[in-house]
Amino acid sequence: MRYYDKLIFELSRKGRTAFTLPRNPYGAASLPDKLSRKSSLDLPEVSEVDVVRHYTNLSQMNFGVDTGFYPLGSCTMKYNPKINEEVASMPGFMALHPLQPASTVQGALEVIWNLGKSLAEITGMSRFTFGPCAGAHGELTGLMIMRQYHMKRGDLARTKVIVPDSAHGTNPASAAVCGLQVVVVKSNERGLVDVEDLKPLLGPDVAGIMMTNPNTLGLFEREIKEIAALVHGCGGLLYYDGANMNPLLGIVRPGDMGFDIMHLNLHKTFSTPHGGGGPGSGPVGVRKGLEAYLPVPKVVRKEDGSFDVVRDDEDSAGEVSGFLGNFGIILRAYAYVLMLGKQNLRRAGQLATLNANYIKESLKDAYKLPIPSVCKHEFVFDGLIDNGERKDAQGNVIRQGARTLDVAKRLLDFGFHAPTIYFPLLFHEALMIEPTETESKETIDAFIDVMHKIAKEAEEDPAKLSGAPHSTPISRPDETRAAREPKLKYE
Amino acid sequence: MGTFSYFPHTEEDISSMLERIGVSSLDDLYSDVPPEFIHKADYDLPDAMSEQEVRDFFASLDKKDIKLKVFAGAGAYDHYTPAVVPYLTSRSEFSTAYTPYQAEISQGTLRYIFEYQTMMCRLTGMDVSNASLYDGPTAAAEAMKMSLACTKKKTRVLVSETLLPNVLKTIRTYAKFHEVELGAIPAEDGQTSLGALKAELAKGDVAGVVVPAVNRYGIIEDLTGFAEAVHEEKGIVIEYCDPSALAVVKTPGEWGFDIAVGDGQSLGIPLNFGGPYVGFMTCRSEYVRKMPGRIVGETVDGEGRRCYCLTLQAREQHIRREKATSNICSNESLMALYVTIYMAVMGPEGLREVNNLSYGGAHYLHDELLKTGKFEEVFTRPFLKEFVLKPLIPAEKLQSKLLDAGIFGALQTEEGYVSFAVTEKRSKADIDELVKAVKEA
Amino acid sequence: MSKVLEGLLYSDSHEWVKVDGDIATIGVSDYAQKEMGDITYVDMPDPDDEVVKGEGFGALESVKASSDLYSPVSGVVTEKNEELDDAPQKVNEDSYANWIIKVKMSDKSELDSLMDAAAYKKHIGE
């Protein structure tokens, strides 16, 4: 990776073009003057070569899964298989208009139907929708289904949703968008939802609870059966945040644990690329009995085996996006499911869990492990055991120690992405590691070595860490300046 | 158990790793899971396929789809994609990257988002842009919520009935659960009625108003007086626009609007059976703190070099949780790159010419269809690349005749019209073919 | 050690109040600004907005955090410190000289529940 300074606008020269279009047999558009654009359109004027070199240079300042290892907690940055990309770029699929009659898109509808069926089997749900375009969008859709269920029963008082203090930030935010009031349930000293704290929160005003299991500490919520009984007992529903589904692949099904509604992140668990922040896909599944509340449009299979799209449905929560969801992502995920098949599914979950526990056990001599039990796909350290901070006899700090941020930044120097840091909020120096099943023992051992090396550096010379990274295209950006004097476009 | 190409572990690796952990089997790693939740039955899933089988399988599914020349729009337009765009976008440094939280190793992503934000501002005539939203309809729903956040203590939002059907429906879903009172502004001769808007505004309590630039009938709306009327009532006025059209159509900035939203799909993104597309949102600078989604800003690094990072993050869910401006986390970053490269390739001239060709083709088709005697004109207002007609023969018959000719057109609307859209990808000969099929219907 | 000014009243949530007739000038304590680190934005209500004791009236933002501001008194905002719009760092420089809002109080007895400087010092453990 090397520093490249240009923006496309700086390459622009009047009169240069990179486009070709067919000869125009009609002449220019003649719009009424008062409806016409008057201001100049200041887009770049560049040649095709300029465009190719510029974006190739930009790409070389980026790190991706194809570059190296991402130990990024709660993000499941697994390898993105290349057959997925080939399938998603088949020209036939790409040319389909979303409103074409069902009879002309039977192949595409079959893909959606089949993936839905596979996901339902993997999760123990009854039916999936692909309308949501990302995980948070899935959460919102799931909560809409939850509210729709209560509203259709005339149960209008259920305006609260319970969210654990360890939850992903999207959980409370999605609840707020859905018009629900967030009530926080605490974690106990074992890092699990505190059942005693939960009990008094339950009542006729509770729409449901949002949980991820394993939770964001990577711990399996083993009291889930009791939690489910309690929430169901008060008339609420259980929502499963599928961001942490990876370790349960082929082993545990959310439906069997008592969850009623859930989402999956196809860009996490089902190997589709993150795209620098999207597009993702956040399909939502519901248990038997809740199918009617799923959003429209819905893909259905008719008695003759052909597929159709239902666009209106009285009980449905409604439309949550423009068409049938991110079809390009659905294709990739289905290719992954077929490659895995029933034979390899279980291995994915097991190896993800193996890798996580192996790192945890290998590094707990240098990093604080607040909860020492077996983890699932991820776990959380609470900073370094010795961060290099030194005090004099009076207890005044004479040498500042290294923080979790410094450890994360130093990792970049060694060719690894940083872990998720300062989340969950339960620990001050949280450092959350998720290796996924696609990383080899050699990669993981190299990561462990580097983490030990960094811990040693912190002990000896923490200042070295606070200046990191040293070998990346840029050093730490001045984020305070960026926020105080926002410069949000090129001028 | 043989190995699998995405799992690098040998049996030897597994046993030495288990030993370090201090357990004897992979199953032991699940000792914290109550045994009743361990799924013991076989999963009813397909058998694992080889890559060749997967490729053949999808090719066979793809064959079940019928390839058609698309003369329909309704929010998804079949514009041409220059070869450079997918070529560059598919570089794995872009596609396999995570969200650019680690700015030091994400300058590629951050720089293109900064370019994207700049281009969207220039296209819409607005001050600031976010880094993308899911799609146009959800962007419109986000704008509806944002108008409530920008105007204190108001509870109503007005939506024009000329908005695209899927935009209206998505706004309605969000409004229902977010508990926003929605009011409708009816159309008058195919365009949002300013009189009706004023009457609704007079009832008070209006936080925001959403109207389209080019509407569900393809008509370019005359928005004279709209911004003034809404601002007089201290409301926020939002334009839903087709960004490709803004190369030639008066911009939301020029109309004096506060927020612009829409779907970037028309900027060269293939139809893809509905997604992934990319929602965009731009607004005036005074509202930036209420904007949903990520935003990239320029700053300097430790050595004083120009660089980019995510900024104004205190608006977002990972910091503000339930008080965030939105729940959005993942967006459509790679599709924002898609439209950025598209705009770089097309430039101002290319984007204008795309509109000239689309306009020319659509008007030619419109006139030729009327000549067949099988349609009546519905509206006489100016349109760009999409229009509706009233069919004098059953719409189903018309559509199926077109399908027989390998054409998807005459999309039926809720009002009983049929709509057609033409882009630069449809040649004059293609249009003649469509007209010929209509004549035979 | 954080600075605690004598003569001001303090709330649990680290806002200070200076009383002048029925006008309360409100800011945040030195302890609060230190906890936040570099402040990048101060979210303030507008004049004529109502504030309620114990309820949020704005927020301090840093790059990675946001901290709500809770009103120590009830009343109507008469003024906001517009200087902070362009220079939020002033709160870091001197959080007592750089007040945030002024409120015309509706119930001066609410002041009774606030802490004096000595009690606040104890509250923050200094």
# chains A, B, ... in the order shown; residues from 1 in each chain; ligands from 1
call {"tool": "residues_around", "arguments": {"residues": "Met343 (chain B)", "least_positions_apart": "2", "cutoff": "10 Å", "atoms": "only C-alpha atoms", "output": "JSON, numbers by chain"}}
result
{"A": [18, 19, 43, 44, 45], "B": [85, 116, 119, 120, 123, 244, 267, 268, 337, 338, 339, 340, 341, 345, 346, 347, 348, 350, 351]}
call {"tool": "write_last_selection", "arguments": {"atoms": "N, CA and C atoms", "output": "mmCIF file, in the first residue's frame"}}
result
data_model
loop_
_atom_site.group_PDB
_atom_site.id
_atom_site.type_symbol
_atom_site.label_atom_id
_atom_site.label_comp_id
_atom_site.auth_asym_id
_atom_site.auth_seq_id
_atom_site.Cartn_x
_atom_site.Cartn_y
_atom_site.Cartn_z
ATOM 1 N N ALA A 18 -14.484 10.221 -21.503
ATOM 2 C CA ALA A 18 -14.230 8.789 -21.340
ATOM 3 C C ALA A 18 -15.435 7.972 -21.794
ATOM 4 N N PHE A 19 -16.461 8.634 -22.327
ATOM 5 C CA PHE A 19 -17.680 7.885 -22.679
ATOM 6 C C PHE A 19 -17.823 7.748 -24.194
ATOM 7 N N LEU A 43 -18.969 17.879 -13.325
ATOM 8 C CA LEU A 43 -18.448 16.517 -13.144
ATOM 9 C C LEU A 43 -17.080 16.448 -13.819
ATOM 10 N N PRO A 44 -16.271 15.443 -13.440
ATOM 11 C CA PRO A 44 -14.927 15.350 -14.026
ATOM 12 C C PRO A 44 -14.968 15.172 -15.553
ATOM 13 N N GLU A 45 -13.984 15.753 -16.227
ATOM 14 C CA GLU A 45 -13.793 15.500 -17.654
ATOM 15 C C GLU A 45 -12.434 14.839 -17.798
ATOM 16 N N VAL B 85 -16.752 0.454 -15.511
ATOM 17 C CA VAL B 85 -17.383 0.552 -14.190
ATOM 18 C C VAL B 85 -17.358 -0.784 -13.435
ATOM 19 N N TYR B 116 -17.789 10.696 -4.295
ATOM 20 C CA TYR B 116 -19.232 10.444 -4.473
ATOM 21 C C TYR B 116 -20.046 11.582 -3.851
ATOM 22 N N MET B 119 -19.832 14.652 -6.007
ATOM 23 C CA MET B 119 -20.610 14.545 -7.252
ATOM 24 C C MET B 119 -22.113 14.634 -6.981
ATOM 25 N N MET B 120 -22.576 13.995 -5.908
ATOM 26 C CA MET B 120 -24.017 14.039 -5.618
ATOM 27 C C MET B 120 -24.441 15.466 -5.250
ATOM 28 N N LEU B 123 -24.604 17.345 -8.537
ATOM 29 C CA LEU B 123 -25.742 16.919 -9.355
ATOM 30 C C LEU B 123 -27.047 17.506 -8.821
ATOM 31 N N SER B 244 -29.973 10.743 -12.695
ATOM 32 C CA SER B 244 -29.542 10.853 -14.090
ATOM 33 C C SER B 244 -30.226 12.043 -14.754
ATOM 34 N N LEU B 267 -27.833 5.828 -12.522
ATOM 35 C CA LEU B 267 -26.472 6.202 -12.900
ATOM 36 C C LEU B 267 -25.658 4.946 -13.231
ATOM 37 N N GLY B 268 -26.169 4.176 -14.172
ATOM 38 C CA GLY B 268 -25.393 3.070 -14.728
ATOM 39 C C GLY B 268 -25.449 1.748 -14.000
ATOM 40 N N LEU B 337 -19.535 3.529 -5.197
ATOM 41 C CA LEU B 337 -18.352 3.520 -6.070
ATOM 42 C C LEU B 337 -18.784 3.342 -7.527
ATOM 43 N N TYR B 338 -19.750 2.454 -7.726
ATOM 44 C CA TYR B 338 -20.264 2.187 -9.073
ATOM 45 C C TYR B 338 -20.716 3.488 -9.739
ATOM 46 N N VAL B 339 -21.539 4.258 -9.029
ATOM 47 C CA VAL B 339 -22.068 5.485 -9.648
ATOM 48 C C VAL B 339 -20.998 6.575 -9.708
ATOM 49 N N THR B 340 -20.026 6.539 -8.792
ATOM 50 C CA THR B 340 -18.937 7.525 -8.842
ATOM 51 C C THR B 340 -18.118 7.320 -10.115
ATOM 52 N N ILE B 341 -17.751 6.068 -10.363
ATOM 53 C CA ILE B 341 -16.964 5.793 -11.570
ATOM 54 C C ILE B 341 -17.812 6.079 -12.811
ATOM 55 N N VAL B 345 -16.758 8.613 -15.747
ATOM 56 C CA VAL B 345 -16.666 8.205 -17.156
ATOM 57 C C VAL B 345 -17.569 9.096 -18.022
ATOM 58 N N MET B 346 -18.776 9.303 -17.604
ATOM 59 C CA MET B 346 -19.737 10.019 -18.443
ATOM 60 C C MET B 346 -19.430 11.520 -18.492
ATOM 61 N N GLY B 347 -19.028 12.069 -17.367
ATOM 62 C CA GLY B 347 -18.778 13.515 -17.339
ATOM 63 C C GLY B 347 -20.047 14.288 -17.649
ATOM 64 N N PRO B 348 -19.970 15.594 -17.662
ATOM 65 C CA PRO B 348 -21.169 16.405 -17.893
ATOM 66 C C PRO B 348 -21.775 16.167 -19.281
ATOM 67 N N GLY B 350 -21.481 13.467 -21.294
ATOM 68 C CA GLY B 350 -22.038 12.125 -21.432
ATOM 69 C C GLY B 350 -23.397 12.016 -20.761
ATOM 70 N N LEU B 351 -23.490 12.583 -19.563
ATOM 71 C CA LEU B 351 -24.742 12.472 -18.814
ATOM 72 C C LEU B 351 -25.857 13.261 -19.517
#
call {"tool": "residues_around", "arguments": {"residues": "Pro132 (chain A)", "least_positions_apart": "5", "cutoff": "6 Å", "atoms": "only C-alpha atoms", "output": "ChimeraX atom specification"}}
result
/A:137-138,282-283
call {"tool": "write_last_selection", "arguments": {"atoms": "N, CA and C atoms", "output": "PDB file, in the first residue's frame"}}
result
ATOM      1  N   HIS A 137     -31.436  -3.031   8.791  1.00  0.00           N
ATOM      2  CA  HIS A 137     -32.711  -2.984   8.075  1.00  0.00           C
ATOM      3  C   HIS A 137     -33.539  -4.226   8.406  1.00  0.00           C
ATOM      4  N   GLY A 138     -32.846  -5.353   8.590  1.00  0.00           N
ATOM      5  CA  GLY A 138     -33.521  -6.584   9.006  1.00  0.00           C
ATOM      6  C   GLY A 138     -34.097  -6.440  10.408  1.00  0.00           C
ATOM      7  N   GLY A 282     -30.137  -8.402   4.597  1.00  0.00           N
ATOM      8  CA  GLY A 282     -30.547  -8.789   5.950  1.00  0.00           C
ATOM      9  C   GLY A 282     -31.874  -9.515   5.975  1.00  0.00           C
ATOM     10  N   PRO A 283     -31.954 -10.699   5.312  1.00  0.00           N
ATOM     11  CA  PRO A 283     -33.227 -11.416   5.274  1.00  0.00           C
ATOM     12  C   PRO A 283     -33.793 -11.674   6.675  1.00  0.00           C
TER      13      PRO A 283
END
call {"tool": "interface_residues", "arguments": {"of": "chain C", "to": "chain A", "cutoff": "8 Å", "atoms": "only C-alpha atoms", "output": "PDB file with N, CA and C atoms, in the first residue's frame"}}
result
ATOM      1  N   ASP C  38     -11.632  15.898  23.584  1.00  0.00           N
ATOM      2  CA  ASP C  38     -11.802  16.981  22.609  1.00  0.00           C
ATOM      3  C   ASP C  38     -13.253  17.091  22.152  1.00  0.00           C
ATOM      4  N   ILE C  39     -13.872  18.186  22.534  1.00  0.00           N
ATOM      5  CA  ILE C  39     -15.283  18.377  22.150  1.00  0.00           C
ATOM      6  C   ILE C  39     -15.346  18.908  20.725  1.00  0.00           C
ATOM      7  N   THR C  40     -16.170  18.269  19.909  1.00  0.00           N
ATOM      8  CA  THR C  40     -16.237  18.649  18.496  1.00  0.00           C
ATOM      9  C   THR C  40     -17.532  19.381  18.157  1.00  0.00           C
ATOM     10  N   TYR C  41     -18.529  19.281  19.032  1.00  0.00           N
ATOM     11  CA  TYR C  41     -19.806  19.927  18.731  1.00  0.00           C
ATOM     12  C   TYR C  41     -20.615  20.042  20.019  1.00  0.00           C
ATOM     13  N   SER C  62     -17.905  14.306  21.024  1.00  0.00           N
ATOM     14  CA  SER C  62     -16.494  14.200  20.670  1.00  0.00           C
ATOM     15  C   SER C  62     -16.447  13.269  19.466  1.00  0.00           C
ATOM     16  N   VAL C  63     -15.243  12.935  19.019  1.00  0.00           N
ATOM     17  CA  VAL C  63     -15.157  12.094  17.826  1.00  0.00           C
ATOM     18  C   VAL C  63     -15.864  10.758  18.023  1.00  0.00           C
ATOM     19  N   ASP C  86     -19.108  27.626  16.303  1.00  0.00           N
ATOM     20  CA  ASP C  86     -17.892  27.622  15.495  1.00  0.00           C
ATOM     21  C   ASP C  86     -16.668  27.163  16.272  1.00  0.00           C
ATOM     22  N   ALA C  87     -16.742  27.255  17.600  1.00  0.00           N
ATOM     23  CA  ALA C  87     -15.562  26.927  18.401  1.00  0.00           C
ATOM     24  C   ALA C  87     -15.945  26.103  19.619  1.00  0.00           C
ATOM     25  N   PRO C  88     -16.359  24.845  19.395  1.00  0.00           N
ATOM     26  CA  PRO C  88     -16.763  23.999  20.525  1.00  0.00           C
ATOM     27  C   PRO C  88     -15.597  23.743  21.488  1.00  0.00           C
TER      28      PRO C  88
END
call {"tool": "residues_around", "arguments": {"residues": "Leu5 (chain C)", "least_positions_apart": "6", "cutoff": "10 Å", "atoms": "only C-alpha atoms", "output": "JSON, numbers by chain"}}
result
{"C": [16, 29, 30, 96, 116, 117, 118, 120, 121]}
call {"tool": "write_last_selection", "arguments": {"atoms": "C-alpha atoms", "output": "mmCIF file, in the first residue's frame"}}
result
data_model
loop_
_atom_site.group_PDB
_atom_site.id
_atom_site.type_symbol
_atom_site.label_atom_id
_atom_site.label_comp_id
_atom_site.auth_asym_id
_atom_site.auth_seq_id
_atom_site.Cartn_x
_atom_site.Cartn_y
_atom_site.Cartn_z
ATOM 1 C CA TRP C 16 -23.136 24.023 36.677
ATOM 2 C CA SER C 29 -17.994 21.369 34.876
ATOM 3 C CA ASP C 30 -14.283 21.050 34.239
ATOM 4 C CA TYR C 96 -16.791 27.904 33.306
ATOM 5 C CA ASP C 116 -22.544 23.583 46.238
ATOM 6 C CA ALA C 117 -18.867 23.447 45.290
ATOM 7 C CA ALA C 118 -17.841 21.423 48.349
ATOM 8 C CA TYR C 120 -19.755 18.563 44.136
ATOM 9 C CA LYS C 121 -16.051 18.023 44.882
#
call {"tool": "select_by_dssp", "arguments": {"residues": "region 29-121 of chain C", "states": "strand (DSSP E or B)", "output": "PyMOL selection string"}}
result
chain C and resi 41-43+50-51+56-61+66-70+75-80+101-105+115
call {"tool": "write_last_selection", "arguments": {"atoms": "N, CA and C atoms", "output": "PDB file, in the first residue's frame"}}
result
ATOM      1  N   TYR C  41     -18.529  19.281  19.032  1.00  0.00           N
ATOM      2  CA  TYR C  41     -19.806  19.927  18.731  1.00  0.00           C
ATOM      3  C   TYR C  41     -20.615  20.042  20.019  1.00  0.00           C
ATOM      4  N   VAL C  42     -21.285  21.176  20.151  1.00  0.00           N
ATOM      5  CA  VAL C  42     -22.201  21.343  21.280  1.00  0.00           C
ATOM      6  C   VAL C  42     -23.606  21.508  20.702  1.00  0.00           C
ATOM      7  N   ASP C  43     -24.441  20.550  21.008  1.00  0.00           N
ATOM      8  CA  ASP C  43     -25.825  20.583  20.525  1.00  0.00           C
ATOM      9  C   ASP C  43     -26.655  21.348  21.554  1.00  0.00           C
ATOM     10  N   GLU C  50     -38.379  25.185  25.605  1.00  0.00           N
ATOM     11  CA  GLU C  50     -38.567  24.900  27.011  1.00  0.00           C
ATOM     12  C   GLU C  50     -37.566  23.844  27.478  1.00  0.00           C
ATOM     13  N   VAL C  51     -37.072  23.992  28.691  1.00  0.00           N
ATOM     14  CA  VAL C  51     -36.252  22.919  29.270  1.00  0.00           C
ATOM     15  C   VAL C  51     -36.886  22.492  30.586  1.00  0.00           C
ATOM     16  N   GLY C  56     -33.048  15.991  29.145  1.00  0.00           N
ATOM     17  CA  GLY C  56     -31.995  16.391  28.216  1.00  0.00           C
ATOM     18  C   GLY C  56     -32.334  17.698  27.521  1.00  0.00           C
ATOM     19  N   PHE C  57     -31.321  18.561  27.347  1.00  0.00           N
ATOM     20  CA  PHE C  57     -31.554  19.773  26.551  1.00  0.00           C
ATOM     21  C   PHE C  57     -30.559  19.893  25.417  1.00  0.00           C
ATOM     22  N   GLY C  58     -29.606  18.990  25.339  1.00  0.00           N
ATOM     23  CA  GLY C  58     -28.597  19.060  24.288  1.00  0.00           C
ATOM     24  C   GLY C  58     -27.569  17.984  24.514  1.00  0.00           C
ATOM     25  N   ALA C  59     -26.420  18.128  23.877  1.00  0.00           N
ATOM     26  CA  ALA C  59     -25.385  17.106  24.016  1.00  0.00           C
ATOM     27  C   ALA C  59     -24.018  17.688  23.697  1.00  0.00           C
ATOM     28  N   LEU C  60     -23.013  17.090  24.308  1.00  0.00           N
ATOM     29  CA  LEU C  60     -21.631  17.359  23.923  1.00  0.00           C
ATOM     30  C   LEU C  60     -21.191  16.197  23.052  1.00  0.00           C
ATOM     31  N   GLU C  61     -20.523  16.522  21.946  1.00  0.00           N
ATOM     32  CA  GLU C  61     -20.033  15.453  21.089  1.00  0.00           C
ATOM     33  C   GLU C  61     -18.516  15.503  21.013  1.00  0.00           C
ATOM     34  N   SER C  66     -20.871  10.721  22.565  1.00  0.00           N
ATOM     35  CA  SER C  66     -21.838  11.790  22.690  1.00  0.00           C
ATOM     36  C   SER C  66     -22.355  11.713  24.117  1.00  0.00           C
ATOM     37  N   SER C  67     -22.436  12.859  24.777  1.00  0.00           N
ATOM     38  CA  SER C  67     -22.894  12.847  26.154  1.00  0.00           C
ATOM     39  C   SER C  67     -24.041  13.845  26.285  1.00  0.00           C
ATOM     40  N   ASP C  68     -25.178  13.346  26.749  1.00  0.00           N
ATOM     41  CA  ASP C  68     -26.348  14.223  26.852  1.00  0.00           C
ATOM     42  C   ASP C  68     -26.150  15.249  27.960  1.00  0.00           C
ATOM     43  N   LEU C  69     -26.726  16.426  27.748  1.00  0.00           N
ATOM     44  CA  LEU C  69     -26.726  17.473  28.759  1.00  0.00           C
ATOM     45  C   LEU C  69     -28.104  17.480  29.403  1.00  0.00           C
ATOM     46  N   TYR C  70     -28.141  17.482  30.739  1.00  0.00           N
ATOM     47  CA  TYR C  70     -29.427  17.467  31.441  1.00  0.00           C
ATOM     48  C   TYR C  70     -29.636  18.807  32.122  1.00  0.00           C
ATOM     49  N   GLY C  75     -37.529  25.812  32.780  1.00  0.00           N
ATOM     50  CA  GLY C  75     -37.794  27.169  32.339  1.00  0.00           C
ATOM     51  C   GLY C  75     -37.726  27.296  30.829  1.00  0.00           C
ATOM     52  N   VAL C  76     -37.521  28.544  30.389  1.00  0.00           N
ATOM     53  CA  VAL C  76     -37.479  28.810  28.948  1.00  0.00           C
ATOM     54  C   VAL C  76     -36.094  29.356  28.594  1.00  0.00           C
ATOM     55  N   VAL C  77     -35.523  28.837  27.508  1.00  0.00           N
ATOM     56  CA  VAL C  77     -34.200  29.279  27.068  1.00  0.00           C
ATOM     57  C   VAL C  77     -34.292  30.727  26.590  1.00  0.00           C
ATOM     58  N   THR C  78     -33.406  31.573  27.117  1.00  0.00           N
ATOM     59  CA  THR C  78     -33.410  32.972  26.652  1.00  0.00           C
ATOM     60  C   THR C  78     -32.265  33.220  25.687  1.00  0.00           C
ATOM     61  N   GLU C  79     -31.223  32.433  25.803  1.00  0.00           N
ATOM     62  CA  GLU C  79     -30.029  32.670  24.985  1.00  0.00           C
ATOM     63  C   GLU C  79     -29.251  31.380  24.876  1.00  0.00           C
ATOM     64  N   LYS C  80     -28.577  31.183  23.726  1.00  0.00           N
ATOM     65  CA  LYS C  80     -27.590  30.094  23.654  1.00  0.00           C
ATOM     66  C   LYS C  80     -26.260  30.714  23.262  1.00  0.00           C
ATOM     67  N   ILE C 101     -26.130  27.642  27.837  1.00  0.00           N
ATOM     68  CA  ILE C 101     -27.418  28.324  27.641  1.00  0.00           C
ATOM     69  C   ILE C 101     -27.777  29.160  28.871  1.00  0.00           C
ATOM     70  N   LYS C 102     -28.700  30.103  28.649  1.00  0.00           N
ATOM     71  CA  LYS C 102     -29.299  30.843  29.758  1.00  0.00           C
ATOM     72  C   LYS C 102     -30.791  30.533  29.769  1.00  0.00           C
ATOM     73  N   VAL C 103     -31.302  30.321  30.977  1.00  0.00           N
ATOM     74  CA  VAL C 103     -32.698  29.902  31.116  1.00  0.00           C
ATOM     75  C   VAL C 103     -33.418  30.830  32.094  1.00  0.00           C
ATOM     76  N   LYS C 104     -34.613  31.261  31.701  1.00  0.00           N
ATOM     77  CA  LYS C 104     -35.466  31.997  32.641  1.00  0.00           C
ATOM     78  C   LYS C 104     -36.223  30.945  33.443  1.00  0.00           C
ATOM     79  N   MET C 105     -35.888  30.871  34.734  1.00  0.00           N
ATOM     80  CA  MET C 105     -36.398  29.762  35.551  1.00  0.00           C
ATOM     81  C   MET C 105     -37.882  29.920  35.869  1.00  0.00           C
ATOM     82  N   MET C 115     -26.023  20.880  44.197  1.00  0.00           N
ATOM     83  CA  MET C 115     -24.907  20.833  45.147  1.00  0.00           C
ATOM     84  C   MET C 115     -24.119  22.140  45.126  1.00  0.00           C
TER      85      MET C 115
END
call {"tool": "residues_around", "arguments": {"residues": "region 91-100 of chain B", "least_positions_apart": "2", "cutoff": "6 Å", "atoms": "only C-alpha atoms", "output": "list in words"}}
result
Ser59, Asn62, Phe63, Gly64, Val65, Pro273, His274, Gly275, Gly276 and Gly277 of chain A; Leu88, Thr89, Gln102, Ala103 and Ser106 of chain B
call {"tool": "residues_around", "arguments": {"residues": "Leu271 (chain B)", "least_positions_apart": "4", "cutoff": "10 Å", "atoms": "only C-alpha atoms", "output": "list of chain:residue names"}}
result
A:Phe93, A:Met94, A:Ala95, A:Leu96, A:His97, A:Pro98, A:Phe327, B:Val70, B:Gly73, B:Ala76, B:Tyr77, B:Asp78, B:His79, B:Gln265, B:Ser266, B:Gly275, B:Pro276, B:Tyr277
call {"tool": "closest_atom_pairs", "arguments": {"of": "chain B", "to": "chain C", "cutoff": "7 Å", "atoms": "only C-alpha atoms", "output": "tab-separated table"}}
result
residue	atom	partner	partner_atom	distance
B:Gln313	CA	C:Val63	CA	6.8
B:Ala314	CA	C:Ser66	CA	5.7
B:Ile319	CA	C:Ala65	CA	5.8
B:Arg320	CA	C:Ser66	CA	6.6
call {"tool": "write_last_selection", "arguments": {"atoms": "C-alpha atoms", "output": "CSV table (one decimal), in the first residue's frame"}}
result
chain,number,residue,atom,x,y,z
B,313,GLN,CA,-20.2,10.0,13.8
B,314,ALA,CA,-21.9,11.1,17.0
B,319,ILE,CA,-22.5,6.0,19.4
B,320,ARG,CA,-26.0,7.4,20.0
call {"tool": "residues_around", "arguments": {"residues": "Pro243 (chain B)", "least_positions_apart": "3", "cutoff": "12 Å", "atoms": "only C-alpha atoms", "output": "JSON, numbers by chain"}}
result
{"B": [75, 77, 119, 120, 121, 122, 123, 124, 125, 136, 212, 213, 214, 239, 240, 246, 247, 248, 249, 250, 251, 252, 260, 261, 262, 263, 264, 265, 266, 267, 268, 278, 279, 280, 281, 282, 339, 343, 351, 352, 355]}
call {"tool": "closest_residue", "arguments": {"among": "B:Ala410, B:Val296, B:Met126, B:Val230", "to": "chain A", "atoms": "only C-alpha atoms"}}
result
B:Val296
call {"tool": "atom_distance", "arguments": {"atom1": "CA of Leu338 (chain A)", "atom2": "CA of Val54 (chain B)"}}
result
6.9 Å
call {"tool": "closest_residue", "arguments": {"among": "B:Glu188, B:Asp432, B:Glu298, B:Glu142", "to": "Arg172 (chain B)", "atoms": "only C-alpha atoms"}}
result
B:Glu142
call {"tool": "residues_around", "arguments": {"residues": "Val337 (chain A)", "least_positions_apart": "5", "cutoff": "12 Å", "atoms": "only C-alpha atoms", "output": "ChimeraX atom specification"}}
result
/A:81,83-84,111,114-119,121-122,249-250,266,269-272,330-332,342-346,348 /B:45-51,54
call {"tool": "closest_residue", "arguments": {"among": "A:Cys375, A:Ala88, A:Ala173, A:Ile385", "to": "chain B", "atoms": "only C-alpha atoms"}}
result
A:Ala173
call {"tool": "select_by_dssp", "arguments": {"residues": "region 294-377 of chain B", "states": "helix (DSSP H, G or I)", "output": "count of residues only"}}
result
49
call {"tool": "closest_residue", "arguments": {"among": "A:Ser166, A:Thr159, A:Ser321, A:Thr141", "to": "chain B", "atoms": "only C-alpha atoms"}}
result
A:Ser321
call {"tool": "atom_distance", "arguments": {"atom1": "CA of Glu314 (chain A)", "atom2": "CA of Lys160 (chain A)"}}
result
24.8 Å
